[in-house]
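Below: run_15.cif (mmCIF, C-alpha atoms and all ligand atoms)
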data_work
loop_
_atom_site.label_atom_id
_atom_site.label_comp_id
_atom_site.auth_asym_id
_atom_site.auth_seq_id
_atom_site.Cartn_x
_atom_site.Cartn_y
_atom_site.Cartn_z
CA MET A 1 34.82 -140.87 65.26
CA PRO A 2 31.67 -142.75 64.19
CA ALA A 3 28.91 -140.83 62.42
CA VAL A 4 26.14 -139.10 64.32
CA TRP A 5 22.80 -140.69 63.42
CA LEU A 6 20.25 -138.33 61.91
CA ASP A 7 17.03 -139.23 63.69
CA GLY A 8 14.20 -139.04 61.15
CA LYS A 9 11.60 -139.96 63.79
CA ALA A 10 12.56 -137.01 66.00
CA CYS A 11 12.62 -134.65 63.02
CA ALA A 12 9.18 -135.92 61.92
CA ALA A 13 7.83 -135.49 65.47
CA ASP A 14 8.96 -131.82 65.48
CA LEU A 15 7.31 -131.27 62.12
CA GLU A 16 4.11 -132.91 63.37
CA GLU A 17 3.99 -130.49 66.34
CA ASN A 18 4.27 -127.58 63.93
CA LEU A 19 1.53 -129.07 61.71
CA LYS A 20 -0.82 -129.49 64.70
CA GLN A 21 -0.54 -125.75 65.36
CA ARG A 22 -1.20 -124.91 61.71
CA ILE A 23 -4.22 -127.25 61.67
CA SER A 24 -5.58 -125.64 64.86
CA ILE A 25 -5.86 -122.27 63.09
CA CYS A 26 -6.81 -123.58 59.64
CA LYS A 27 -10.33 -122.51 58.63
CA THR A 28 -11.19 -126.04 57.56
CA GLN A 29 -10.17 -129.54 58.68
CA PRO A 30 -7.60 -130.82 56.17
CA HIS A 31 -8.94 -133.89 54.38
CA LEU A 32 -6.87 -136.52 52.54
CA ALA A 33 -8.19 -139.26 50.22
CA VAL A 34 -6.02 -142.36 49.92
CA ILE A 35 -6.59 -144.80 47.05
CA ILE A 36 -5.14 -148.29 47.26
CA VAL A 37 -5.71 -150.96 44.63
CA GLY A 38 -4.97 -154.61 45.43
CA ASP A 39 -3.38 -156.37 48.41
CA ASP A 40 0.35 -155.64 48.16
CA PRO A 41 1.45 -156.17 51.81
CA ALA A 42 4.04 -153.36 51.81
CA SER A 43 1.51 -150.91 50.32
CA LEU A 44 -1.06 -151.86 52.97
CA VAL A 45 1.50 -151.06 55.69
CA TYR A 46 2.40 -147.71 54.07
CA VAL A 47 -1.27 -146.74 53.79
CA ARG A 48 -1.94 -147.75 57.39
CA ASN A 49 0.98 -145.58 58.57
CA LYS A 50 -0.32 -142.60 56.59
CA ILE A 51 -3.84 -142.97 58.01
CA LEU A 52 -2.49 -143.33 61.55
CA CYS A 53 -0.47 -140.15 61.05
CA CYS A 54 -3.63 -138.34 59.84
CA GLU A 55 -5.40 -139.47 63.02
CA ARG A 56 -2.54 -138.24 65.24
CA LEU A 57 -2.67 -134.80 63.65
CA GLY A 58 -6.43 -134.35 63.28
CA ILE A 59 -6.42 -134.64 59.49
CA LYS A 60 -9.56 -136.32 58.13
CA SER A 61 -8.77 -139.30 55.90
CA THR A 62 -10.98 -141.26 53.52
CA GLN A 63 -9.68 -144.56 52.21
CA PHE A 64 -10.68 -146.13 48.89
CA LYS A 65 -9.62 -149.77 49.08
CA LEU A 66 -10.25 -151.28 45.66
CA PRO A 67 -9.83 -154.82 44.31
CA THR A 68 -6.87 -155.72 42.07
CA GLU A 69 -9.12 -156.08 39.03
CA THR A 70 -10.34 -152.45 39.25
CA LYS A 71 -10.50 -150.93 35.75
CA GLN A 72 -8.72 -147.76 34.65
CA THR A 73 -12.07 -146.11 33.84
CA GLU A 74 -13.37 -146.85 37.35
CA LEU A 75 -10.35 -145.13 38.87
CA GLU A 76 -10.75 -142.21 36.49
CA ASP A 77 -14.37 -141.78 37.64
CA ILE A 78 -13.30 -141.82 41.29
CA LEU A 79 -10.60 -139.22 40.60
CA LYS A 80 -13.06 -136.94 38.76
CA GLY A 81 -15.34 -137.02 41.82
CA LEU A 82 -12.46 -136.33 44.22
CA ASN A 83 -11.17 -133.44 42.10
CA GLU A 84 -14.62 -131.82 42.25
CA ASP A 85 -15.12 -132.40 45.99
CA ALA A 86 -14.45 -129.00 47.59
CA THR A 87 -14.20 -130.57 51.08
CA LEU A 88 -11.15 -132.58 50.01
CA HIS A 89 -7.61 -131.16 49.94
CA GLY A 90 -5.34 -134.05 49.04
CA ILE A 91 -5.51 -137.12 46.77
CA LEU A 92 -2.95 -139.89 47.06
CA ILE A 93 -2.73 -142.96 44.83
CA GLN A 94 -0.63 -145.58 46.62
CA SER A 95 2.09 -146.90 44.34
CA PRO A 96 2.63 -149.41 42.82
CA LEU A 97 -0.66 -150.00 41.05
CA PRO A 98 -1.38 -153.39 39.40
CA SER A 99 0.34 -153.57 36.01
CA HIS A 100 -2.86 -153.24 33.91
CA LEU A 101 -3.35 -149.70 35.25
CA ASP A 102 -1.61 -146.63 33.81
CA GLU A 103 -0.31 -144.85 36.90
CA GLY A 104 1.12 -141.91 34.95
CA SER A 105 -2.12 -140.92 33.25
CA LEU A 106 -4.03 -141.24 36.55
CA THR A 107 -1.50 -138.92 38.23
CA ASP A 108 -1.94 -136.46 35.36
CA MET A 109 -5.70 -136.37 36.12
CA ILE A 110 -5.28 -135.20 39.71
CA GLU A 111 -5.99 -131.51 40.22
CA PRO A 112 -2.46 -130.11 40.84
CA THR A 113 -3.49 -128.27 44.04
CA LYS A 114 -4.66 -131.63 45.47
CA ASP A 115 -1.60 -133.56 44.26
CA VAL A 116 -0.09 -134.06 47.73
CA ASP A 117 2.44 -136.59 46.36
CA GLY A 118 3.82 -133.79 44.17
CA PHE A 119 4.08 -136.07 41.11
CA HIS A 120 1.86 -134.07 38.72
CA PRO A 121 3.87 -132.52 35.84
CA VAL A 122 2.68 -129.05 36.91
CA ASN A 123 4.12 -129.51 40.39
CA LEU A 124 7.36 -131.11 39.16
CA GLY A 125 7.67 -128.30 36.59
CA LYS A 126 7.35 -125.65 39.29
CA ILE A 127 10.46 -127.04 40.97
CA VAL A 128 12.41 -126.48 37.74
CA GLN A 129 11.19 -122.87 37.81
CA GLY A 130 12.36 -122.46 41.42
CA ARG A 131 8.76 -122.05 42.71
CA LEU A 132 9.15 -124.11 45.87
CA ASN A 133 6.00 -123.12 47.78
CA GLY A 134 3.76 -125.76 46.17
CA MET A 135 3.46 -129.53 46.29
CA ILE A 136 7.02 -130.87 46.47
CA PRO A 137 7.44 -134.69 46.27
CA CYS A 138 7.43 -135.91 49.86
CA THR A 139 10.66 -137.93 49.99
CA PRO A 140 13.06 -135.29 48.61
CA ALA A 141 11.19 -132.61 50.59
CA GLY A 142 11.69 -134.77 53.70
CA VAL A 143 15.41 -135.08 53.01
CA MET A 144 15.71 -131.29 52.68
CA GLU A 145 13.84 -130.81 55.96
CA MET A 146 16.11 -133.34 57.73
CA LEU A 147 19.20 -131.53 56.48
CA ARG A 148 17.78 -128.14 57.60
CA TRP A 149 16.70 -129.56 60.98
CA SER A 150 20.15 -130.97 61.70
CA GLY A 151 21.88 -127.73 60.71
CA VAL A 152 23.79 -129.12 57.72
CA ASP A 153 25.21 -126.25 55.67
CA LEU A 154 24.41 -126.84 51.99
CA ALA A 155 25.47 -123.58 50.32
CA GLY A 156 28.55 -124.03 48.15
CA LYS A 157 28.80 -127.72 49.03
CA LYS A 158 29.21 -130.53 46.54
CA ALA A 159 26.15 -132.81 46.61
CA VAL A 160 25.87 -136.13 44.80
CA VAL A 161 22.46 -137.76 44.33
CA ILE A 162 22.44 -141.44 43.34
CA GLY A 163 19.24 -142.00 41.32
CA ARG A 164 17.27 -139.90 38.84
CA SER A 165 13.68 -141.10 39.30
CA PHE A 166 10.95 -138.47 38.86
CA ASN A 167 9.73 -139.05 42.40
CA VAL A 168 13.03 -139.03 44.33
CA GLY A 169 16.41 -138.52 42.63
CA MET A 170 15.60 -135.85 40.04
CA PRO A 171 13.54 -133.53 42.29
CA GLN A 172 16.13 -134.10 45.03
CA ALA A 173 18.89 -132.85 42.74
CA LEU A 174 16.80 -129.81 41.72
CA LEU A 175 16.01 -128.93 45.34
CA LEU A 176 19.69 -129.09 46.33
CA ALA A 177 20.68 -126.91 43.37
CA ALA A 178 17.83 -124.39 43.90
CA LYS A 179 18.66 -120.72 44.41
CA GLY A 180 19.02 -120.09 48.13
CA ILE A 181 20.12 -123.68 48.82
CA ASP A 182 23.05 -123.37 46.43
CA SER A 183 24.69 -126.80 46.42
CA THR A 184 26.56 -127.90 43.32
CA VAL A 185 24.92 -131.13 42.27
CA THR A 186 25.95 -134.27 40.37
CA ILE A 187 23.47 -137.02 39.54
CA VAL A 188 24.79 -140.58 39.47
CA HIS A 189 22.69 -143.18 37.65
CA SER A 190 23.06 -146.70 36.30
CA LYS A 191 25.02 -145.52 33.24
CA THR A 192 27.49 -143.31 35.14
CA PRO A 193 30.97 -144.66 34.23
CA GLN A 194 32.70 -144.16 37.58
CA PRO A 195 30.08 -143.83 40.31
CA ILE A 196 32.52 -144.36 43.17
CA LEU A 197 34.75 -141.50 41.98
CA GLU A 198 31.72 -139.19 41.72
CA CYS A 199 30.49 -140.15 45.18
CA LEU A 200 33.94 -139.67 46.71
CA SER A 201 33.75 -135.99 45.75
CA ALA A 202 30.52 -135.44 47.72
CA ASP A 203 30.19 -133.36 50.87
CA ILE A 204 26.53 -134.43 50.88
CA LEU A 205 25.68 -137.87 49.48
CA ILE A 206 22.05 -138.89 48.94
CA ALA A 207 21.54 -142.53 47.99
CA ALA A 208 18.26 -143.35 46.20
CA ALA A 209 19.09 -146.27 43.90
CA GLY A 210 17.10 -149.12 45.44
CA ARG A 211 20.25 -151.29 45.64
CA PRO A 212 20.75 -152.78 49.10
CA GLU A 213 23.91 -151.55 50.85
CA MET A 214 25.51 -150.56 47.52
CA VAL A 215 27.30 -147.54 49.02
CA THR A 216 30.16 -148.82 51.13
CA LYS A 217 32.73 -146.82 53.09
CA ASP A 218 35.17 -146.70 50.14
CA TRP A 219 32.54 -144.60 48.26
CA VAL A 220 32.41 -141.89 50.93
CA LYS A 221 34.68 -138.92 51.61
CA PRO A 222 35.65 -138.77 55.30
CA GLY A 223 33.33 -136.33 57.08
CA ALA A 224 30.59 -136.41 54.42
CA VAL A 225 26.90 -136.23 55.31
CA VAL A 226 25.14 -139.35 54.00
CA ILE A 227 21.37 -139.64 53.60
CA ASP A 228 20.02 -143.11 52.87
CA VAL A 229 16.70 -143.02 51.00
CA GLY A 230 16.71 -146.70 50.04
CA ILE A 231 14.24 -149.15 51.50
CA ASN A 232 15.02 -152.70 50.41
CA ARG A 233 13.79 -156.00 51.73
CA VAL A 234 16.70 -158.47 51.98
CA SER A 235 16.60 -162.06 53.12
CA ASP A 236 17.83 -162.70 56.67
CA THR A 237 17.51 -166.21 58.01
CA THR A 238 18.48 -165.08 61.52
CA ARG A 239 15.11 -163.31 61.78
CA GLU A 240 11.91 -165.19 62.42
CA ARG A 241 10.21 -163.49 59.45
CA GLY A 242 13.17 -164.36 57.18
CA TRP A 243 13.93 -160.80 56.02
CA ARG A 244 15.08 -157.39 57.19
CA LEU A 245 14.99 -153.87 55.81
CA ALA A 246 18.24 -152.53 54.34
CA GLY A 247 19.05 -149.12 52.98
CA ASP A 248 21.20 -148.33 49.95
CA VAL A 249 24.07 -147.49 52.32
CA HIS A 250 26.18 -150.12 54.05
CA PRO A 251 26.45 -149.77 57.85
CA ASN A 252 30.26 -149.52 57.56
CA VAL A 253 29.78 -146.00 56.09
CA SER A 254 29.20 -144.84 59.68
CA GLU A 255 32.99 -145.31 60.16
CA VAL A 256 33.75 -142.43 57.75
CA ALA A 257 30.64 -140.20 57.50
CA SER A 258 30.09 -137.31 59.92
CA ILE A 259 26.27 -137.58 59.86
CA MET A 260 24.24 -140.48 58.50
CA SER A 261 20.54 -141.32 58.38
CA PRO A 262 19.46 -144.82 59.47
CA VAL A 263 17.12 -147.29 57.76
CA PRO A 264 14.56 -147.72 59.19
CA GLY A 265 13.91 -144.52 61.18
CA GLY A 266 15.50 -142.03 58.78
CA VAL A 267 13.88 -140.73 55.61
CA GLY A 268 10.80 -143.01 55.90
CA PRO A 269 9.06 -141.14 58.75
CA MET A 270 9.90 -137.83 57.05
CA THR A 271 8.18 -138.92 53.84
CA VAL A 272 4.91 -139.47 55.73
CA ALA A 273 5.30 -136.18 57.64
CA MET A 274 5.83 -134.24 54.40
CA LEU A 275 2.68 -135.83 52.94
CA MET A 276 0.80 -134.40 55.91
CA ALA A 277 2.51 -131.03 55.39
CA ASN A 278 1.40 -130.95 51.75
CA THR A 279 -2.17 -131.79 52.78
CA VAL A 280 -2.20 -128.97 55.33
CA THR A 281 -0.66 -126.53 52.82
CA SER A 282 -3.39 -127.45 50.32
CA ALA A 283 -6.16 -126.91 52.92
CA GLU A 284 -4.65 -123.57 53.96
CA SER A 285 -4.32 -122.31 50.39
CA GLN A 286 -7.88 -123.27 49.46
CA HIS A 287 -9.50 -121.64 52.49
CA TYR A 288 -7.62 -118.42 53.19
P1 LIG B 301 13.66 -146.15 40.93
O1 LIG B 301 12.54 -145.44 40.28
O2 LIG B 301 13.87 -147.59 40.69
O3 LIG B 301 15.00 -145.34 40.55
C1 LIG B 301 16.25 -145.83 40.93
C2 LIG B 301 17.32 -144.92 40.37
O4 LIG B 301 18.58 -145.42 40.79
C3 LIG B 301 17.33 -144.90 38.84
O5 LIG B 301 17.52 -143.57 38.40
C4 LIG B 301 18.54 -145.78 38.47
O6 LIG B 301 19.25 -145.36 37.35
C5 LIG B 301 19.42 -145.58 39.69
N1 LIG B 301 20.28 -146.77 39.89
C6 LIG B 301 19.88 -148.05 39.97
N2 LIG B 301 20.96 -148.86 40.14
C7 LIG B 301 22.03 -148.06 40.14
C8 LIG B 301 23.41 -148.28 40.27
N3 LIG B 301 23.91 -149.51 40.42
N4 LIG B 301 24.25 -147.23 40.24
C9 LIG B 301 23.77 -145.97 40.08
N5 LIG B 301 22.45 -145.68 39.97
C10 LIG B 301 21.60 -146.72 40.00
O7 LIG B 301 13.56 -146.00 42.53
P2 LIG B 301 13.01 -144.79 43.43
O8 LIG B 301 11.54 -144.80 43.43
O9 LIG B 301 13.73 -143.55 43.10
O10 LIG B 301 13.48 -145.31 44.87
C11 LIG B 301 14.84 -145.50 45.19
C12 LIG B 301 14.94 -146.16 46.54
O11 LIG B 301 14.34 -145.30 47.52
C13 LIG B 301 14.20 -147.49 46.67
O12 LIG B 301 14.90 -148.34 47.56
C14 LIG B 301 12.87 -147.10 47.29
O13 LIG B 301 12.27 -148.15 48.01
C15 LIG B 301 13.32 -146.00 48.20
N6 LIG B 301 12.27 -145.04 48.55
C16 LIG B 301 12.18 -144.71 49.85
C17 LIG B 301 11.26 -143.79 50.25
C18 LIG B 301 11.19 -143.42 51.70
O14 LIG B 301 10.18 -142.91 52.15
N7 LIG B 301 12.28 -143.63 52.46
C19 LIG B 301 10.39 -143.21 49.33
C20 LIG B 301 10.54 -143.52 47.97
C21 LIG B 301 11.50 -144.46 47.58
P3 LIG B 301 18.63 -145.37 35.85
O15 LIG B 301 17.75 -144.17 35.78
O16 LIG B 301 19.82 -145.27 34.96
O17 LIG B 301 17.88 -146.66 35.72
#

Please re-express this file's structure in structure tokens.
Amino acid sequence: MPAVWLDGKACAADLEENLKQRISICKTQPHLAVIIVGDDPASLVYVRNKILCCERLGIKSTQFKLPTETKQTELEDILKGLNEDATLHGILIQSPLPSHLDEGSLTDMIEPTKDVDGFHPVNLGKIVQGRLNGMIPCTPAGVMEMLRWSGVDLAGKKAVVIGRSFNVGMPQALLLAAKGIDSTVTIVHSKTPQPILECLSADILIAAAGRPEMVTKDWVKPGAVVIDVGINRVSDTTRERGWRLAGDVHPNVSEVASIMSPVPGGVGPMTVAMLMANTVTSAESQHY
């Protein structure tokens, strides 16, 4: 039987309804600042989607659209002002920044309670401590919410995460292994000697490698749940624009998986929804 598709758009829409209710009783209007530097077309699309989502939910957004040549010190000054602005609950720096800017040190400057991306060392460190009520990185948090929403049982299951980035793979592995979730987790990375063997042992397989359609059906145990985090642009001459989006998981995995998330329409919408959730959580915690 082919896999059931895990509809990230529907899951995100449910989450948005819940957020609208929380916003309606929040003592202040949640307010998100979005900083974008340069003209990277994909980044412009991501920022537009985030701002549109803010508008749908009634979250105030303020955009800082800065030229490519913006200096590190200029960004630092903006961040200092945003940290001190008590009417603001979330600060997002759209990645990637131009190469002359030090993204890590800018992230470190963000006040952790306003770090709605969840990339500040304080927020990442809290995940290690099992304190999961703060700012969790949006993509792995979105994956966890999708799994909960679709009723996937994680306790005692073998989970394999492909990728160990600080923003996706590593926090994903920690969330799956957290007390109360209770999966047994393996991380596969570029130096793992036998990645296919590791993946074949997974009841839950999360692919976040950034390698188009790398995971094929011979990597997947029959009946496994497969979540595709990858978003890759691959050339496609049959399309007018000359490219299409591909995940890290090959479509033929749907022949063996029990549940599988699509690209697009899977983890992507959940990432945006979790950014909104973090912004609302920040507003709630600062005004109750
Ligand atoms: P990243 O920082 O480049 O990390 C990729 C990870 O995959 C690294 O840990 C790398 O291992 C591992 N890897 C690369 N090639 C591999 C291979 N052949 N076998 C095993 N592991 C391999 O990327 P990222 O930011 O985590 O993003 C991963 C993917 O998710 C990308 O396609 C990105 O566009 C997508 N993404 C999607 C969303 C969304 O909203 N859906 C959000 C964020 C990212 P090493 O550590 O050994 O180098």

Taking (11.5, -135.3, 43.3) in the file's coordinates, which residues come within 10 Å, counting all atoms listed in the file, written as a CSV table (one decimal) with C-alpha atoms, in the coordinates of the input?
chain,number,residue,atom,x,y,z
A,117,ASP,CA,2.4,-136.6,46.4
A,118,GLY,CA,3.8,-133.8,44.2
A,119,PHE,CA,4.1,-136.1,41.1
A,123,ASN,CA,4.1,-129.5,40.4
A,124,LEU,CA,7.4,-131.1,39.2
A,127,ILE,CA,10.5,-127.0,41.0
A,136,ILE,CA,7.0,-130.9,46.5
A,137,PRO,CA,7.4,-134.7,46.3
A,138,CYS,CA,7.4,-135.9,49.9
A,139,THR,CA,10.7,-137.9,50.0
A,140,PRO,CA,13.1,-135.3,48.6
A,141,ALA,CA,11.2,-132.6,50.6
A,164,ARG,CA,17.3,-139.9,38.8
A,165,SER,CA,13.7,-141.1,39.3
A,166,PHE,CA,11.0,-138.5,38.9
A,167,ASN,CA,9.7,-139.0,42.4
A,168,VAL,CA,13.0,-139.0,44.3
A,169,GLY,CA,16.4,-138.5,42.6
A,170,MET,CA,15.6,-135.8,40.0
A,171,PRO,CA,13.5,-133.5,42.3
A,172,GLN,CA,16.1,-134.1,45.0
A,173,ALA,CA,18.9,-132.8,42.7
A,174,LEU,CA,16.8,-129.8,41.7
A,175,LEU,CA,16.0,-128.9,45.3

Given 3 Å on each side, where is the centre and what are the edge lengths in Å to one decimal of the axis-aligned box enclosing the listed atoms of ligand LIG 301 (chain B), as AutoDock Vina command-line options?
--center_x 17.2 --center_y -146.2 --center_z 43.7 --size_x 20.1 --size_y 12.6 --size_z 23.5

Note to self: I want to know what sits within 9 Å of region 217-231 of chain A, based on all atoms listed in the file, with residues of the same chain fewer than 2 positions away left out; could you give that as an MDAnalysis selection string?
What the structure shows: chainID A and resid 3 6 139:140 143 147 152 168 195:213 215 233 245:264 266:268

Selected residues, C-alpha atoms, written as an mmCIF file, keeping the file's coordinate frame, please.
data_model
loop_
_atom_site.group_PDB
_atom_site.id
_atom_site.type_symbol
_atom_site.label_atom_id
_atom_site.label_comp_id
_atom_site.auth_asym_id
_atom_site.auth_seq_id
_atom_site.Cartn_x
_atom_site.Cartn_y
_atom_site.Cartn_z
ATOM 1 C CA ALA A 3 28.910 -140.830 62.420
ATOM 2 C CA LEU A 6 20.250 -138.330 61.910
ATOM 3 C CA THR A 139 10.660 -137.930 49.990
ATOM 4 C CA PRO A 140 13.060 -135.290 48.610
ATOM 5 C CA VAL A 143 15.410 -135.080 53.010
ATOM 6 C CA LEU A 147 19.200 -131.530 56.480
ATOM 7 C CA VAL A 152 23.790 -129.120 57.720
ATOM 8 C CA VAL A 168 13.030 -139.030 44.330
ATOM 9 C CA PRO A 195 30.080 -143.830 40.310
ATOM 10 C CA ILE A 196 32.520 -144.360 43.170
ATOM 11 C CA LEU A 197 34.750 -141.500 41.980
ATOM 12 C CA GLU A 198 31.720 -139.190 41.720
ATOM 13 C CA CYS A 199 30.490 -140.150 45.180
ATOM 14 C CA LEU A 200 33.940 -139.670 46.710
ATOM 15 C CA SER A 201 33.750 -135.990 45.750
ATOM 16 C CA ALA A 202 30.520 -135.440 47.720
ATOM 17 C CA ASP A 203 30.190 -133.360 50.870
ATOM 18 C CA ILE A 204 26.530 -134.430 50.880
ATOM 19 C CA LEU A 205 25.680 -137.870 49.480
ATOM 20 C CA ILE A 206 22.050 -138.890 48.940
ATOM 21 C CA ALA A 207 21.540 -142.530 47.990
ATOM 22 C CA ALA A 208 18.260 -143.350 46.200
ATOM 23 C CA ALA A 209 19.090 -146.270 43.900
ATOM 24 C CA GLY A 210 17.100 -149.120 45.440
ATOM 25 C CA ARG A 211 20.250 -151.290 45.640
ATOM 26 C CA PRO A 212 20.750 -152.780 49.100
ATOM 27 C CA GLU A 213 23.910 -151.550 50.850
ATOM 28 C CA VAL A 215 27.300 -147.540 49.020
ATOM 29 C CA ARG A 233 13.790 -156.000 51.730
ATOM 30 C CA LEU A 245 14.990 -153.870 55.810
ATOM 31 C CA ALA A 246 18.240 -152.530 54.340
ATOM 32 C CA GLY A 247 19.050 -149.120 52.980
ATOM 33 C CA ASP A 248 21.200 -148.330 49.950
ATOM 34 C CA VAL A 249 24.070 -147.490 52.320
ATOM 35 C CA HIS A 250 26.180 -150.120 54.050
ATOM 36 C CA PRO A 251 26.450 -149.770 57.850
ATOM 37 C CA ASN A 252 30.260 -149.520 57.560
ATOM 38 C CA VAL A 253 29.780 -146.000 56.090
ATOM 39 C CA SER A 254 29.200 -144.840 59.680
ATOM 40 C CA GLU A 255 32.990 -145.310 60.160
ATOM 41 C CA VAL A 256 33.750 -142.430 57.750
ATOM 42 C CA ALA A 257 30.640 -140.200 57.500
ATOM 43 C CA SER A 258 30.090 -137.310 59.920
ATOM 44 C CA ILE A 259 26.270 -137.580 59.860
ATOM 45 C CA MET A 260 24.240 -140.480 58.500
ATOM 46 C CA SER A 261 20.540 -141.320 58.380
ATOM 47 C CA PRO A 262 19.460 -144.820 59.470
ATOM 48 C CA VAL A 263 17.120 -147.290 57.760
ATOM 49 C CA PRO A 264 14.560 -147.720 59.190
ATOM 50 C CA GLY A 266 15.500 -142.030 58.780
ATOM 51 C CA VAL A 267 13.880 -140.730 55.610
ATOM 52 C CA GLY A 268 10.800 -143.010 55.900
#

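The space between CA of Arg241 (chain A) and atom N2 of ligand LIG 301 (chain B) spans 26.5 Å.
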
Next item on the list: Please identify all polymer residues within 12 Å of region 24-34 of chain A, counting all atoms listed in the file, omitting same-chain residues fewer than 6 positions from it, and present them as a PyMOL selection string.
Entry: chain A and resi 17-18+43-44+46-51+53-55+57-66+78-79+81-83+85-95+110+114-117+275-288

May I have the residues from that selection written out with C-alpha atoms, as a PDB file, in the coordinates of the input?
ATOM      1  CA  GLU A  17       3.990-130.490  66.340  1.00  0.00           C
ATOM      2  CA  ASN A  18       4.270-127.580  63.930  1.00  0.00           C
ATOM      3  CA  SER A  43       1.510-150.910  50.320  1.00  0.00           C
ATOM      4  CA  LEU A  44      -1.060-151.860  52.970  1.00  0.00           C
ATOM      5  CA  TYR A  46       2.400-147.710  54.070  1.00  0.00           C
ATOM      6  CA  VAL A  47      -1.270-146.740  53.790  1.00  0.00           C
ATOM      7  CA  ARG A  48      -1.940-147.750  57.390  1.00  0.00           C
ATOM      8  CA  ASN A  49       0.980-145.580  58.570  1.00  0.00           C
ATOM      9  CA  LYS A  50      -0.320-142.600  56.590  1.00  0.00           C
ATOM     10  CA  ILE A  51      -3.840-142.970  58.010  1.00  0.00           C
ATOM     11  CA  CYS A  53      -0.470-140.150  61.050  1.00  0.00           C
ATOM     12  CA  CYS A  54      -3.630-138.340  59.840  1.00  0.00           C
ATOM     13  CA  GLU A  55      -5.400-139.470  63.020  1.00  0.00           C
ATOM     14  CA  LEU A  57      -2.670-134.800  63.650  1.00  0.00           C
ATOM     15  CA  GLY A  58      -6.430-134.350  63.280  1.00  0.00           C
ATOM     16  CA  ILE A  59      -6.420-134.640  59.490  1.00  0.00           C
ATOM     17  CA  LYS A  60      -9.560-136.320  58.130  1.00  0.00           C
ATOM     18  CA  SER A  61      -8.770-139.300  55.900  1.00  0.00           C
ATOM     19  CA  THR A  62     -10.980-141.260  53.520  1.00  0.00           C
ATOM     20  CA  GLN A  63      -9.680-144.560  52.210  1.00  0.00           C
ATOM     21  CA  PHE A  64     -10.680-146.130  48.890  1.00  0.00           C
ATOM     22  CA  LYS A  65      -9.620-149.770  49.080  1.00  0.00           C
ATOM     23  CA  LEU A  66     -10.250-151.280  45.660  1.00  0.00           C
ATOM     24  CA  ILE A  78     -13.300-141.820  41.290  1.00  0.00           C
ATOM     25  CA  LEU A  79     -10.600-139.220  40.600  1.00  0.00           C
ATOM     26  CA  GLY A  81     -15.340-137.020  41.820  1.00  0.00           C
ATOM     27  CA  LEU A  82     -12.460-136.330  44.220  1.00  0.00           C
ATOM     28  CA  ASN A  83     -11.170-133.440  42.100  1.00  0.00           C
ATOM     29  CA  ASP A  85     -15.120-132.400  45.990  1.00  0.00           C
ATOM     30  CA  ALA A  86     -14.450-129.000  47.590  1.00  0.00           C
ATOM     31  CA  THR A  87     -14.200-130.570  51.080  1.00  0.00           C
ATOM     32  CA  LEU A  88     -11.150-132.580  50.010  1.00  0.00           C
ATOM     33  CA  HIS A  89      -7.610-131.160  49.940  1.00  0.00           C
ATOM     34  CA  GLY A  90      -5.340-134.050  49.040  1.00  0.00           C
ATOM     35  CA  ILE A  91      -5.510-137.120  46.770  1.00  0.00           C
ATOM     36  CA  LEU A  92      -2.950-139.890  47.060  1.00  0.00           C
ATOM     37  CA  ILE A  93      -2.730-142.960  44.830  1.00  0.00           C
ATOM     38  CA  GLN A  94      -0.630-145.580  46.620  1.00  0.00           C
ATOM     39  CA  SER A  95       2.090-146.900  44.340  1.00  0.00           C
ATOM     40  CA  ILE A 110      -5.280-135.200  39.710  1.00  0.00           C
ATOM     41  CA  LYS A 114      -4.660-131.630  45.470  1.00  0.00           C
ATOM     42  CA  ASP A 115      -1.600-133.560  44.260  1.00  0.00           C
ATOM     43  CA  VAL A 116      -0.090-134.060  47.730  1.00  0.00           C
ATOM     44  CA  ASP A 117       2.440-136.590  46.360  1.00  0.00           C
ATOM     45  CA  LEU A 275       2.680-135.830  52.940  1.00  0.00           C
ATOM     46  CA  MET A 276       0.800-134.400  55.910  1.00  0.00           C
ATOM     47  CA  ALA A 277       2.510-131.030  55.390  1.00  0.00           C
ATOM     48  CA  ASN A 278       1.400-130.950  51.750  1.00  0.00           C
ATOM     49  CA  THR A 279      -2.170-131.790  52.780  1.00  0.00           C
ATOM     50  CA  VAL A 280      -2.200-128.970  55.330  1.00  0.00           C
ATOM     51  CA  THR A 281      -0.660-126.530  52.820  1.00  0.00           C
ATOM     52  CA  SER A 282      -3.390-127.450  50.320  1.00  0.00           C
ATOM     53  CA  ALA A 283      -6.160-126.910  52.920  1.00  0.00           C
ATOM     54  CA  GLU A 284      -4.650-123.570  53.960  1.00  0.00           C
ATOM     55  CA  SER A 285      -4.320-122.310  50.390  1.00  0.00           C
ATOM     56  CA  GLN A 286      -7.880-123.270  49.460  1.00  0.00           C
ATOM     57  CA  HIS A 287      -9.500-121.640  52.490  1.00  0.00           C
ATOM     58  CA  TYR A 288      -7.620-118.420  53.190  1.00  0.00           C
TER      59      TYR A 288
END

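Among the candidate residues A:Val188, A:Val234, A:Ile181, A:Leu19, the one lying nearest to ligand LIG 301 (chain B) is A:Val188, with distances computed using all atoms listed in the file.
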
Checklist line | atom C18 of ligand LIG 301 (chain B) to CA of Pro269 (chain A), straight-line distance in Å | finding: 7.7 Å

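Atom O1 of ligand LIG 301 (chain B) to CA of Ile36 (chain A) spans 19.2 Å [interatomic distance, one decimal].
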
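Close contacts of Glu69 (chain A), defined as residues with an atom at most 10 Å away when counting only C-alpha atoms, with chain neighbours fewer than 5 positions off set aside, comprise Val37, Gly38, Pro98, His100 and Leu101 of chain A.
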
Note to self: I'd like to know which of A:Lys179, A:Lys80, A:Lys126, A:Lys9 is closest to ligand LIG 301 (chain B), using only C-alpha atoms and all ligand atoms.
What the structure shows: A:Lys9
